[in-house]
Amino acid sequence: MCVRLRFGICLLVTSLAVPVLAQSGSAVSLGIPATTSAINSPTPLSQRVVAYDMDAKYNAQAHTLDASETLTYHNRTGQAQDTFPFHLYLNAFQPTSTWMREGKRWNSYGPNLEKWDPESYGAEEIKSFEVVGQGDFTSQLRYIQPDDDNKDDRTVVQVRLAQPIPPDGYVQFKIRFHDQFPETLARTGWNRDFVLGGQWFPKVGVWWHGAWNCHQFHYDTEFFADFGVYDVKLTVPQYEVVGASGIEVGSLNNSDGSKTVTYHGEDIHDFAWTASPHYLIYNDTFQGSMGPVKLRFMMQPAHWSQAERHARITKEAMERFDRWYGPYPYKALTVVDPDPGSEAGGMEYPTFITSESSWIMPKGWLWLEDTLVHEFGHQYWYGMVATNEFEDAWMDEGINQYTQIKIMNSIFGASTSLLNMWGLTAGQVDEARLGYEGVADLDPIAKNGWQYADPRSYGGVTYFKTALSLLTLEGIVGEDTMRRATHAYFLRYRFTHPTKEDFLKTIEEVSGRDLRSYFNQVIYGTQVLDYEVLNISCVPVDWYKENLNEKNGVTEYTCDVWIRRKGDFVIPVEVEIKFDNGDKVREHWDGQERWVRYAYQKKTKIESVEVDPDHKLYFDRNNFNNSRTAEANLAPARKLTNYWTCISQFVAQCLTWWLV
Amino acid sequence: MSENINLVSAGASIAGRNKRYIVWFYLLNLVFAHFGASAFNDQARAILDHSLYADKLLHGFNAGVFLELLARPEFGAFPAATHPAMMFAVVFFLASLLFMPGVLLGYASDHGLPRDEFFRACGRNLWRFVRLFVFFTIVAGSIAGILFGALNAAVAAADKTSNERLPFLIQVVGTVIIFLVLTVIRICFDLAQTDAVLEDQTAVRKSIAAGFRKTRRHLGRLLASYMVIAIMALAVLAAGILLWHAIVPPSSVLGAFIIGQATLLLLLATRFWQRATAVAFYIKEMAEPMAEEVRPSPPLTAPAVP
């Protein structure tokens with residue numbers, strides 16, 4: 001009863017709140033709802049370009065979906081439009097698609113795609129396509145391949161209208177479509193009786209910088225879409241527990257054993273949903289600076305004991321994002337713990353994220369926290385600051401990885417923010433360095449997502465190099481300035497589609513510094529940073545005297561230190577020279593030459609030399625050669641060798657135990 | 001039960017009397033492992049000896065920095081560091097195959113076995129032990145292959161259910177069952193080796209048959225004895241790891257070495273204990289039929305005079 005009442009009120013609000021009416025090419029009055037029932041704001045937050053009204057029925061046995069979609073598009077492009085491209089992402093899961101060919105090329109899915117499995121098949125078929133006031137265009141739909149010549153790729157379809165839509169006009173598309181979900185691939189599809197409906201409906205491209213931006217679905221790329229309003233009715237079997245983007249505004253049981261759950265979302269640019277009969281729901285609330293946020297954790301029964309852990313880290317992340325970067329304005333956040341063994345974990349959609357958990361999850365292994373902080377961060381870097389994930393993957397993944405590191409380090413400590421158990425430790429930066437080092441010079445950060453050398457380079461550069469370069473930038477401009485710059489960037493560009501220069505110029509503006517040289521190398525170039533302490537030498541001044549009795553504090557030495565720039569990345573650096581008597585000297589080197597020598601004459605010898613003693617250069621490719629001690633310290637190698645010896649003995653004993 | 005305890009304690013007594021074998025084998029393994037780790041040591045020293053960054057490995061163990069070390073091109077290919085250790089593990093296995101006959105003879109002897117007898121037993125039984133090893137590999141390999149195949153199929157089937165714990169439980173239970181089956185096979189071949197040495201049996205098939213026969217007759221007793229010792233070995237391993245974690249400071253190379261080596265020595269001792277138990281059982285088995293033979297025979301009747 002309560003749910004029905006809420007549903008009715010929402011429908012009433014929605015129908016009343018359509019203040020903007022305009023004229024399309026036809027006589028139909030259209031508009032985008034200006035409702036604010038799903039956000040903690042009295043006014044809309046984005047320039048709403050689209051309104052999707054969808055009614056979908058899911059067949060849980062066949063993993064198919066039949067739906068009708070009414071898409072109202074507001075032409076804010078500033079010019080008349082007669083051509084509209086649409087994404088049909090699910091068509092990527094066919095043997096000859098570009099996504100699949102790229103996946104096979106890299107063999108990234110390994111055994112999963114060694115042999116074509118019909119269950120991997122996904123499809124999105126448009127049954128009918130009507131432009132209101134202009135008639136049926138189903139037969140005039142054309143598949144296009146803007147990125148490659150693969151004529152078998154059907155992930156983008158285009159329609160040309162008979163009458164163009166004038167600037168500031170509206171057009172309404174009525175589409176009926178049929179989906180076949182694959183067994184989870186690329187974080188969408190079904191696994192056993194679970195389903196994650198991601199990228200499941202025909203979605204119009206984005207008019208961006210004077211052209212349609214509607215790329216094919218690539219193996220390494222994600223998504224790009226305009227902000228708007230979503231009203232979605234999902235009909236599923238009554239035994240299913242359902243969750244989705246936006247807020248739930250109604251649930252009705254139907255006489256045929258199904259139920260229809262209705263969702264409403266505002267100022268979002270995508271809509272995802274999930275259903276499974278096994279979910280257990282854990283509710284919580286986060287009090288954000290714009291108002292309360294209802295948190296809904298959809299847990300697997302075997303993971304119920306981790307529900308509180310999910311809630312704790314989500315709220316801690318939300319609190320820091322709110323304080324450091326800006327408010328989370330939506331009224332709800334759904335966190336999905338997907339079916340074990342599915343490839344649906346670790347994904348973001350507006351107001352809807354998936355975690356990655358297991359029934360055994362030691363407290364010191366922070367993978368769950370890592371994933372949740374990352375996916376929640378995407379609510380900011382992708383969800384609200386809606387960058388082009390096809391062309392600027394680093395702006396969502398990389399900036400998000402950077403803020404993830406900041407937040408995880410602030411909660412768990414820098415050296416233990418990924419692993420802290422049994423004496424083993426690892427931090428977020430360690431993970432990033434490992435991901436980056438192997439691909440340091442393969443690709444620049446600024447590159448189309450599908451044009452990276454391989455998925456390893458895509459991941460290592462867009463996620464990790466970006467994060468490390470922003471941490472390094474923090475060392476240049478200061479942590480506080482960097483936080484203010486990121487905050488300013490968020491507030492300025494939320495609910496828009498900023499470019500890479502928007503981000504870089506914001507940092508320059510807030511810091512008041514010309515950072516072009518740095519950006520040119522780190523964002524647009526493939527230069528590698530690697531400083532090295534090349535050599536240390538200390539020779540007694542009176543070396544020629546016979547029976548020289550060297551004595552610290554008495555004997556005078558001429559000491560030399562050579563610092564070398566091994567990589568081609570030029571950046572000023574500090575060098576710290578430590579002497580045997582405890583004296584320390586700091587030198588500043590601009591790094592322009594290939595090497596530099598510092599000479600000292602003192603009554604003491606050099607103990608050690610360290611480049612970047614404050615550890616601000618996070619993406620120096622080799623940290624081991626950043627320092628050099630005059631005397632060898634054998635203990636670290638001995639410790640590792642001892643471990644290795646023990647392991648070898650153990651293996652030998654096990655072998656002999658069984659075989660002799 | 002008391003019979004099992006007697007067998008285990010008899011084995012302990014034999015292994016205790018012949019501690020020198022355990023010590024020699026332990027030292028042999030230590031020396032081999034030391035040689036095996038020298039390549040790793042050289043490669044690590046070249047990078048770590050003069051670097052302050054190495055502190056992250058000394059005062060604690062940063063897994064990220066360790067992986068970074070392995071990934072350094074100047075560290076060299078990881079197999080270059082690991083292969084020597086694996087090769088020396090194989091050398092230790094071969095040495096064990098060579099010297100085990102002497103150990104078994106020593107265990108069966110009630111006095112300290114002279115060195116020449118020890119090596120004579122090793123030489124005389126070498127080819128027999130090689131053949132026994134080949135037979136063991138065929139039998140254990142075939143059975144393990146079938147069992148692991150079945151286990152994998154069961155785990156894959158369990159993976160299709162929505163019970164997330166089920167595959168893990170099946171994996172654990174299946175692994176324990178396979179361990180028990182392989183232990184039974186090991187017992188058979190331990191007895192076969194004992195038979196080959198103590199009976200000076202040239203036809204190893206007869207030793208294998210004897211091993212299987214004795215195992216079949218006394219399966220419960222032998223398996224229980226072996227499992228008691230195996231559980232002790234697990235306890236030793238767990239205690240060693242716990243001690244290492246609890247009392248050894250991260251930067252103490254010596255402390256880690258002492259705890260690690262003590263654990264490995266005790267682990268090795270448990271296997272020798274099993275071998276000694278097998279010998280004790282075999283000797284007892286040999287003695288029992290002899291006792292039957294000395295039983296008084298029925299009185300002879302005088303031949304009938306025609």
# chains A, B, ... in the order shown; residues from 1 in each chain; ligands from 1
>>> residues_around(residues="Leu180 in chain B", least_positions_apart="6", cutoff="12 Å", atoms="only C-alpha atoms", output="PyMOL selection string")
chain B and resi 140+143-144+147+173-174+186-187+219-220+222-224+226-227+230
>>> residues_around(residues="Asp195 in chain B", least_positions_apart="3", cutoff="8 Å", atoms="only C-alpha atoms", output="number ranges by chain")
B: 191-192, 198-201, 207, 210-211, 282
>>> closest_atom_pairs(of="chain B", to="chain A", cutoff="7 Å", atoms="only C-alpha atoms", output="Markdown table")
| residue | atom | partner | partner_atom | distance |
| --- | --- | --- | --- | --- |
| B:Asn29 | CA | A:Gln649 | CA | 6.1 |
| B:Leu30 | CA | A:Gln649 | CA | 6.6 |
| B:Ala33 | CA | A:Thr645 | CA | 5.4 |
| B:His34 | CA | A:Thr645 | CA | 6.1 |
| B:Ala37 | CA | A:Thr645 | CA | 5.8 |
| B:Phe40 | CA | A:Thr641 | CA | 6.8 |
| B:Asn41 | CA | A:Thr641 | CA | 5.4 |
| B:Ala44 | CA | A:Ala637 | CA | 5.6 |
| B:Arg45 | CA | A:Ala637 | CA | 5.3 |
| B:Ile47 | CA | A:Phe624 | CA | 6.8 |
| B:Leu48 | CA | A:Ala637 | CA | 6.2 |
| B:Asp49 | CA | A:Ala632 | CA | 4.9 |
| B:His50 | CA | A:Thr629 | CA | 4.8 |
| B:Ser51 | CA | A:Arg628 | CA | 5.1 |
| B:Leu52 | CA | A:Ser627 | CA | 5.8 |
| B:Tyr53 | CA | A:Phe624 | CA | 5.5 |
| B:Ala54 | CA | A:Pro636 | CA | 6.2 |
| B:Leu57 | CA | A:Pro636 | CA | 6.3 |
| B:Leu58 | CA | A:Pro636 | CA | 5.0 |
| B:Gly60 | CA | A:Gly423 | CA | 6.5 |
| B:Phe61 | CA | A:Leu424 | CA | 5.3 |
| B:Asn62 | CA | A:Thr425 | CA | 4.8 |
| B:Ala63 | CA | A:Ala426 | CA | 5.5 |
| B:Gly64 | CA | A:Asp430 | CA | 4.9 |
| B:Val65 | CA | A:Asp430 | CA | 6.8 |
| B:Glu68 | CA | A:Leu434 | CA | 6.3 |
| B:Ala85 | CA | A:Ser648 | CA | 5.8 |
| B:Ala89 | CA | A:Ala652 | CA | 4.3 |
| B:Val90 | CA | A:Ala652 | CA | 6.9 |
| B:Phe92 | CA | A:Ala652 | CA | 6.5 |
| B:Phe93 | CA | A:Thr656 | CA | 5.2 |
| B:Ser96 | CA | A:Val660 | CA | 6.9 |
| B:Leu97 | CA | A:Val660 | CA | 5.9 |
| B:Phe133 | CA | A:Leu659 | CA | 6.9 |
| B:Glu164 | CA | A:Pro340 | CA | 6.6 |
| B:His245 | CA | A:Trp422 | CA | 6.9 |
| B:Val253 | CA | A:Lys639 | CA | 5.3 |
| B:Phe257 | CA | A:Asn642 | CA | 6.4 |
| B:Gly260 | CA | A:Cys646 | CA | 6.5 |
| B:Leu264 | CA | A:Phe650 | CA | 6.8 |
| B:Leu268 | CA | A:Gln653 | CA | 6.8 |
| B:Arg271 | CA | A:Trp657 | CA | 6.5 |
>>> residues_around(residues="Ala38 in chain A", least_positions_apart="3", cutoff="8 Å", atoms="only C-alpha atoms", output="PyMOL selection string")
chain A and resi 246-247+264-266+330-332
>>> residues_around(residues="Arg187 in chain A", least_positions_apart="5", cutoff="9 Å", atoms="only C-alpha atoms", output="PyMOL selection string")
chain A and resi 196-198+342-347
>>> write_last_selection(atoms="N, CA and C atoms", output="compact mmCIF listing (two decimals), in the first residue's frame")
# COMPACT_ATOMS: atom_id res chain seq x y z
N LEU A 196 22.97 -8.91 -14.52
CA LEU A 196 23.31 -7.49 -14.40
C LEU A 196 23.02 -6.86 -15.75
N GLY A 197 22.02 -5.99 -15.77
CA GLY A 197 21.63 -5.34 -17.02
C GLY A 197 22.40 -4.04 -17.19
N GLY A 198 23.50 -4.13 -17.89
CA GLY A 198 24.30 -2.93 -18.19
C GLY A 198 24.32 -2.73 -19.69
N SER A 342 30.80 -14.60 -11.30
CA SER A 342 30.38 -13.82 -12.47
C SER A 342 31.46 -12.78 -12.76
N GLU A 343 31.44 -12.28 -13.97
CA GLU A 343 32.39 -11.22 -14.30
C GLU A 343 31.68 -9.89 -14.22
N ALA A 344 30.97 -9.69 -13.11
CA ALA A 344 30.16 -8.48 -12.96
C ALA A 344 30.68 -7.58 -11.85
N GLY A 345 31.77 -7.98 -11.20
CA GLY A 345 32.28 -7.21 -10.07
C GLY A 345 33.10 -6.02 -10.52
N GLY A 346 33.12 -4.99 -9.67
CA GLY A 346 33.97 -3.83 -9.93
C GLY A 346 33.51 -3.01 -11.11
N MET A 347 32.25 -2.56 -11.08
CA MET A 347 31.72 -1.77 -12.21
C MET A 347 30.92 -0.60 -11.67
>>> residues_around(residues="Thr70 in chain A", least_positions_apart="2", cutoff="6 Å", atoms="only C-alpha atoms", output="PDB file with C-alpha atoms, in the first residue's frame")
ATOM      1  CA  TYR A  52      14.357   7.872 -21.457  1.00  0.00           C
ATOM      2  CA  ASP A  53      11.044   6.254 -20.629  1.00  0.00           C
ATOM      3  CA  PHE A 173      11.986   8.261 -30.771  1.00  0.00           C
ATOM      4  CA  LYS A 174       9.817   5.277 -30.007  1.00  0.00           C
TER       5      LYS A 174
END
>>> residues_around(residues="Asp220 in chain A", least_positions_apart="3", cutoff="9 Å", atoms="only C-alpha atoms", output="VMD selection string")
chain A and resid 99 102 to 103 217 390 449 to 452 454 to 455 458 to 459
>>> residues_around(residues="Ala39 in chain B", least_positions_apart="6", cutoff="8 Å", atoms="only C-alpha atoms", output="short mmCIF file (atom, residue, chain, number, x, y, z; two decimals) with C-alpha atoms, in the first residue's frame")
data_model
loop_
_atom_site.label_atom_id
_atom_site.label_comp_id
_atom_site.auth_asym_id
_atom_site.auth_seq_id
_atom_site.Cartn_x
_atom_site.Cartn_y
_atom_site.Cartn_z
CA ALA B 80 67.48 -17.82 -13.80
CA ALA B 81 67.18 -17.40 -10.05
CA PRO B 84 69.12 -23.69 -9.78
#
>>> select_by_dssp(residues="range 19-249 of chain A", states="alpha helix (DSSP H)", output="JSON, numbers by chain")
{"A": [98, 99, 100, 101, 102, 103, 104, 105, 106]}
>>> write_last_selection(atoms="N, CA and C atoms", output="mmCIF file, in the first residue's frame")
data_model
loop_
_atom_site.group_PDB
_atom_site.id
_atom_site.type_symbol
_atom_site.label_atom_id
_atom_site.label_comp_id
_atom_site.auth_asym_id
_atom_site.auth_seq_id
_atom_site.Cartn_x
_atom_site.Cartn_y
_atom_site.Cartn_z
ATOM 1 N N THR A 98 33.842 -5.976 -33.306
ATOM 2 C CA THR A 98 35.142 -5.359 -33.035
ATOM 3 C C THR A 98 35.609 -5.686 -31.618
ATOM 4 N N TRP A 99 34.689 -5.634 -30.673
ATOM 5 C CA TRP A 99 35.030 -5.942 -29.270
ATOM 6 C C TRP A 99 35.641 -7.341 -29.180
ATOM 7 N N MET A 100 34.979 -8.295 -29.824
ATOM 8 C CA MET A 100 35.417 -9.687 -29.721
ATOM 9 C C MET A 100 36.743 -9.894 -30.470
ATOM 10 N N ARG A 101 36.866 -9.244 -31.624
ATOM 11 C CA ARG A 101 38.124 -9.391 -32.388
ATOM 12 C C ARG A 101 39.302 -8.827 -31.615
ATOM 13 N N GLU A 102 39.056 -7.681 -30.971
ATOM 14 C CA GLU A 102 40.145 -7.094 -30.168
ATOM 15 C C GLU A 102 40.469 -7.988 -28.972
ATOM 16 N N GLY A 103 39.425 -8.534 -28.364
ATOM 17 C CA GLY A 103 39.648 -9.439 -27.227
ATOM 18 C C GLY A 103 40.442 -10.658 -27.628
ATOM 19 N N LYS A 104 40.106 -11.210 -28.804
ATOM 20 C CA LYS A 104 40.851 -12.378 -29.303
ATOM 21 C C LYS A 104 42.283 -12.007 -29.643
ATOM 22 N N ARG A 105 42.443 -10.797 -30.197
ATOM 23 C CA ARG A 105 43.784 -10.351 -30.582
ATOM 24 C C ARG A 105 44.718 -10.354 -29.378
ATOM 25 N N TRP A 106 44.185 -9.906 -28.252
ATOM 26 C CA TRP A 106 45.019 -9.835 -27.045
ATOM 27 C C TRP A 106 44.902 -11.099 -26.219
#
>>> atom_distance(atom1="CA of Ala488 in chain A", atom2="CA of Leu45 in chain A")
16.6 Å
>>> atom_distance(atom1="CA of Leu105 in chain B", atom2="CA of Leu182 in chain B")
24.6 Å
>>> decode(residues="range 559-595 of chain A", atoms="N, CA and C atoms", output="PDB file, in the first residue's frame")
ATOM      1  N   CYS A 559      85.224  14.615  -1.716  1.00  0.00           N
ATOM      2  CA  CYS A 559      84.149  13.661  -2.043  1.00  0.00           C
ATOM      3  C   CYS A 559      83.394  14.138  -3.278  1.00  0.00           C
ATOM      4  N   ASP A 560      83.057  13.202  -4.138  1.00  0.00           N
ATOM      5  CA  ASP A 560      82.281  13.515  -5.340  1.00  0.00           C
ATOM      6  C   ASP A 560      81.064  12.603  -5.416  1.00  0.00           C
ATOM      7  N   VAL A 561      80.009  13.204  -5.934  1.00  0.00           N
ATOM      8  CA  VAL A 561      78.753  12.454  -6.123  1.00  0.00           C
ATOM      9  C   VAL A 561      78.287  12.703  -7.547  1.00  0.00           C
ATOM     10  N   TRP A 562      77.960  11.645  -8.259  1.00  0.00           N
ATOM     11  CA  TRP A 562      77.442  11.783  -9.626  1.00  0.00           C
ATOM     12  C   TRP A 562      75.971  11.370  -9.643  1.00  0.00           C
ATOM     13  N   ILE A 563      75.144  12.262 -10.163  1.00  0.00           N
ATOM     14  CA  ILE A 563      73.723  11.948 -10.337  1.00  0.00           C
ATOM     15  C   ILE A 563      73.452  11.907 -11.838  1.00  0.00           C
ATOM     16  N   ARG A 564      72.711  10.918 -12.250  1.00  0.00           N
ATOM     17  CA  ARG A 564      72.470  10.752 -13.688  1.00  0.00           C
ATOM     18  C   ARG A 564      70.972  10.731 -13.975  1.00  0.00           C
ATOM     19  N   ARG A 565      70.599  11.352 -15.078  1.00  0.00           N
ATOM     20  CA  ARG A 565      69.220  11.237 -15.551  1.00  0.00           C
ATOM     21  C   ARG A 565      69.202  10.165 -16.628  1.00  0.00           C
ATOM     22  N   LYS A 566      68.758   8.986 -16.253  1.00  0.00           N
ATOM     23  CA  LYS A 566      68.787   7.860 -17.203  1.00  0.00           C
ATOM     24  C   LYS A 566      67.648   7.949 -18.214  1.00  0.00           C
ATOM     25  N   GLY A 567      66.487   8.420 -17.732  1.00  0.00           N
ATOM     26  CA  GLY A 567      65.333   8.512 -18.626  1.00  0.00           C
ATOM     27  C   GLY A 567      65.341   9.817 -19.391  1.00  0.00           C
ATOM     28  N   ASP A 568      64.327   9.987 -20.253  1.00  0.00           N
ATOM     29  CA  ASP A 568      64.256  11.214 -21.041  1.00  0.00           C
ATOM     30  C   ASP A 568      63.256  12.206 -20.452  1.00  0.00           C
ATOM     31  N   PHE A 569      62.722  11.924 -19.294  1.00  0.00           N
ATOM     32  CA  PHE A 569      61.804  12.839 -18.622  1.00  0.00           C
ATOM     33  C   PHE A 569      62.628  13.834 -17.810  1.00  0.00           C
ATOM     34  N   VAL A 570      62.417  15.122 -18.095  1.00  0.00           N
ATOM     35  CA  VAL A 570      63.204  16.157 -17.405  1.00  0.00           C
ATOM     36  C   VAL A 570      62.335  16.833 -16.353  1.00  0.00           C
ATOM     37  N   ILE A 571      62.806  16.777 -15.115  1.00  0.00           N
ATOM     38  CA  ILE A 571      62.069  17.420 -14.029  1.00  0.00           C
ATOM     39  C   ILE A 571      63.086  17.769 -12.943  1.00  0.00           C
ATOM     40  N   PRO A 572      62.979  18.956 -12.352  1.00  0.00           N
ATOM     41  CA  PRO A 572      63.935  19.305 -11.287  1.00  0.00           C
ATOM     42  C   PRO A 572      63.816  18.323 -10.124  1.00  0.00           C
ATOM     43  N   VAL A 573      64.942  18.135  -9.452  1.00  0.00           N
ATOM     44  CA  VAL A 573      64.934  17.127  -8.392  1.00  0.00           C
ATOM     45  C   VAL A 573      65.862  17.554  -7.259  1.00  0.00           C
ATOM     46  N   GLU A 574      65.511  17.138  -6.045  1.00  0.00           N
ATOM     47  CA  GLU A 574      66.356  17.374  -4.884  1.00  0.00           C
ATOM     48  C   GLU A 574      67.295  16.185  -4.711  1.00  0.00           C
ATOM     49  N   VAL A 575      68.493  16.481  -4.218  1.00  0.00           N
ATOM     50  CA  VAL A 575      69.451  15.416  -3.918  1.00  0.00           C
ATOM     51  C   VAL A 575      69.942  15.629  -2.489  1.00  0.00           C
ATOM     52  N   GLU A 576      69.911  14.599  -1.682  1.00  0.00           N
ATOM     53  CA  GLU A 576      70.388  14.726  -0.299  1.00  0.00           C
ATOM     54  C   GLU A 576      71.649  13.893  -0.105  1.00  0.00           C
ATOM     55  N   ILE A 577      72.683  14.560   0.376  1.00  0.00           N
ATOM     56  CA  ILE A 577      73.950  13.880   0.639  1.00  0.00           C
ATOM     57  C   ILE A 577      74.114  13.818   2.155  1.00  0.00           C
ATOM     58  N   LYS A 578      74.294  12.631   2.681  1.00  0.00           N
ATOM     59  CA  LYS A 578      74.429  12.441   4.123  1.00  0.00           C
ATOM     60  C   LYS A 578      75.863  12.010   4.413  1.00  0.00           C
ATOM     61  N   PHE A 579      76.493  12.686   5.398  1.00  0.00           N
ATOM     62  CA  PHE A 579      77.886  12.385   5.729  1.00  0.00           C
ATOM     63  C   PHE A 579      77.967  11.534   6.986  1.00  0.00           C
ATOM     64  N   ASP A 580      79.135  10.943   7.162  1.00  0.00           N
ATOM     65  CA  ASP A 580      79.350  10.048   8.297  1.00  0.00           C
ATOM     66  C   ASP A 580      79.127  10.741   9.643  1.00  0.00           C
ATOM     67  N   ASN A 581      79.415  12.047   9.722  1.00  0.00           N
ATOM     68  CA  ASN A 581      79.268  12.757  10.999  1.00  0.00           C
ATOM     69  C   ASN A 581      77.840  13.252  11.232  1.00  0.00           C
ATOM     70  N   GLY A 582      76.915  12.852  10.376  1.00  0.00           N
ATOM     71  CA  GLY A 582      75.514  13.231  10.551  1.00  0.00           C
ATOM     72  C   GLY A 582      75.103  14.457   9.756  1.00  0.00           C
ATOM     73  N   ASP A 583      76.082  15.177   9.169  1.00  0.00           N
ATOM     74  CA  ASP A 583      75.734  16.358   8.364  1.00  0.00           C
ATOM     75  C   ASP A 583      74.923  15.939   7.134  1.00  0.00           C
ATOM     76  N   LYS A 584      74.006  16.821   6.754  1.00  0.00           N
ATOM     77  CA  LYS A 584      73.233  16.571   5.530  1.00  0.00           C
ATOM     78  C   LYS A 584      73.303  17.806   4.643  1.00  0.00           C
ATOM     79  N   VAL A 585      73.442  17.572   3.359  1.00  0.00           N
ATOM     80  CA  VAL A 585      73.448  18.672   2.396  1.00  0.00           C
ATOM     81  C   VAL A 585      72.370  18.384   1.359  1.00  0.00           C
ATOM     82  N   ARG A 586      71.581  19.413   1.037  1.00  0.00           N
ATOM     83  CA  ARG A 586      70.563  19.257  -0.009  1.00  0.00           C
ATOM     84  C   ARG A 586      70.973  20.057  -1.240  1.00  0.00           C
ATOM     85  N   GLU A 587      70.910  19.424  -2.387  1.00  0.00           N
ATOM     86  CA  GLU A 587      71.202  20.099  -3.645  1.00  0.00           C
ATOM     87  C   GLU A 587      69.940  20.077  -4.502  1.00  0.00           C
ATOM     88  N   HIS A 588      69.810  21.126  -5.321  1.00  0.00           N
ATOM     89  CA  HIS A 588      68.679  21.179  -6.240  1.00  0.00           C
ATOM     90  C   HIS A 588      69.221  21.103  -7.661  1.00  0.00           C
ATOM     91  N   TRP A 589      68.777  20.116  -8.397  1.00  0.00           N
ATOM     92  CA  TRP A 589      69.269  19.951  -9.776  1.00  0.00           C
ATOM     93  C   TRP A 589      68.094  20.109 -10.729  1.00  0.00           C
ATOM     94  N   ASP A 590      68.325  20.902 -11.783  1.00  0.00           N
ATOM     95  CA  ASP A 590      67.216  21.120 -12.727  1.00  0.00           C
ATOM     96  C   ASP A 590      67.020  19.937 -13.670  1.00  0.00           C
ATOM     97  N   GLY A 591      67.949  19.017 -13.690  1.00  0.00           N
ATOM     98  CA  GLY A 591      67.793  17.795 -14.494  1.00  0.00           C
ATOM     99  C   GLY A 591      67.974  17.992 -15.979  1.00  0.00           C
ATOM    100  N   GLN A 592      68.416  19.171 -16.401  1.00  0.00           N
ATOM    101  CA  GLN A 592      68.502  19.444 -17.839  1.00  0.00           C
ATOM    102  C   GLN A 592      69.599  18.616 -18.519  1.00  0.00           C
ATOM    103  N   GLU A 593      70.755  18.551 -17.869  1.00  0.00           N
ATOM    104  CA  GLU A 593      71.847  17.754 -18.459  1.00  0.00           C
ATOM    105  C   GLU A 593      71.617  16.274 -18.171  1.00  0.00           C
ATOM    106  N   ARG A 594      72.464  15.445 -18.770  1.00  0.00           N
ATOM    107  CA  ARG A 594      72.309  14.015 -18.533  1.00  0.00           C
ATOM    108  C   ARG A 594      72.844  13.605 -17.156  1.00  0.00           C
ATOM    109  N   TRP A 595      73.821  14.394 -16.668  1.00  0.00           N
ATOM    110  CA  TRP A 595      74.349  14.064 -15.352  1.00  0.00           C
ATOM    111  C   TRP A 595      74.887  15.319 -14.679  1.00  0.00           C
TER     112      TRP A 595
END
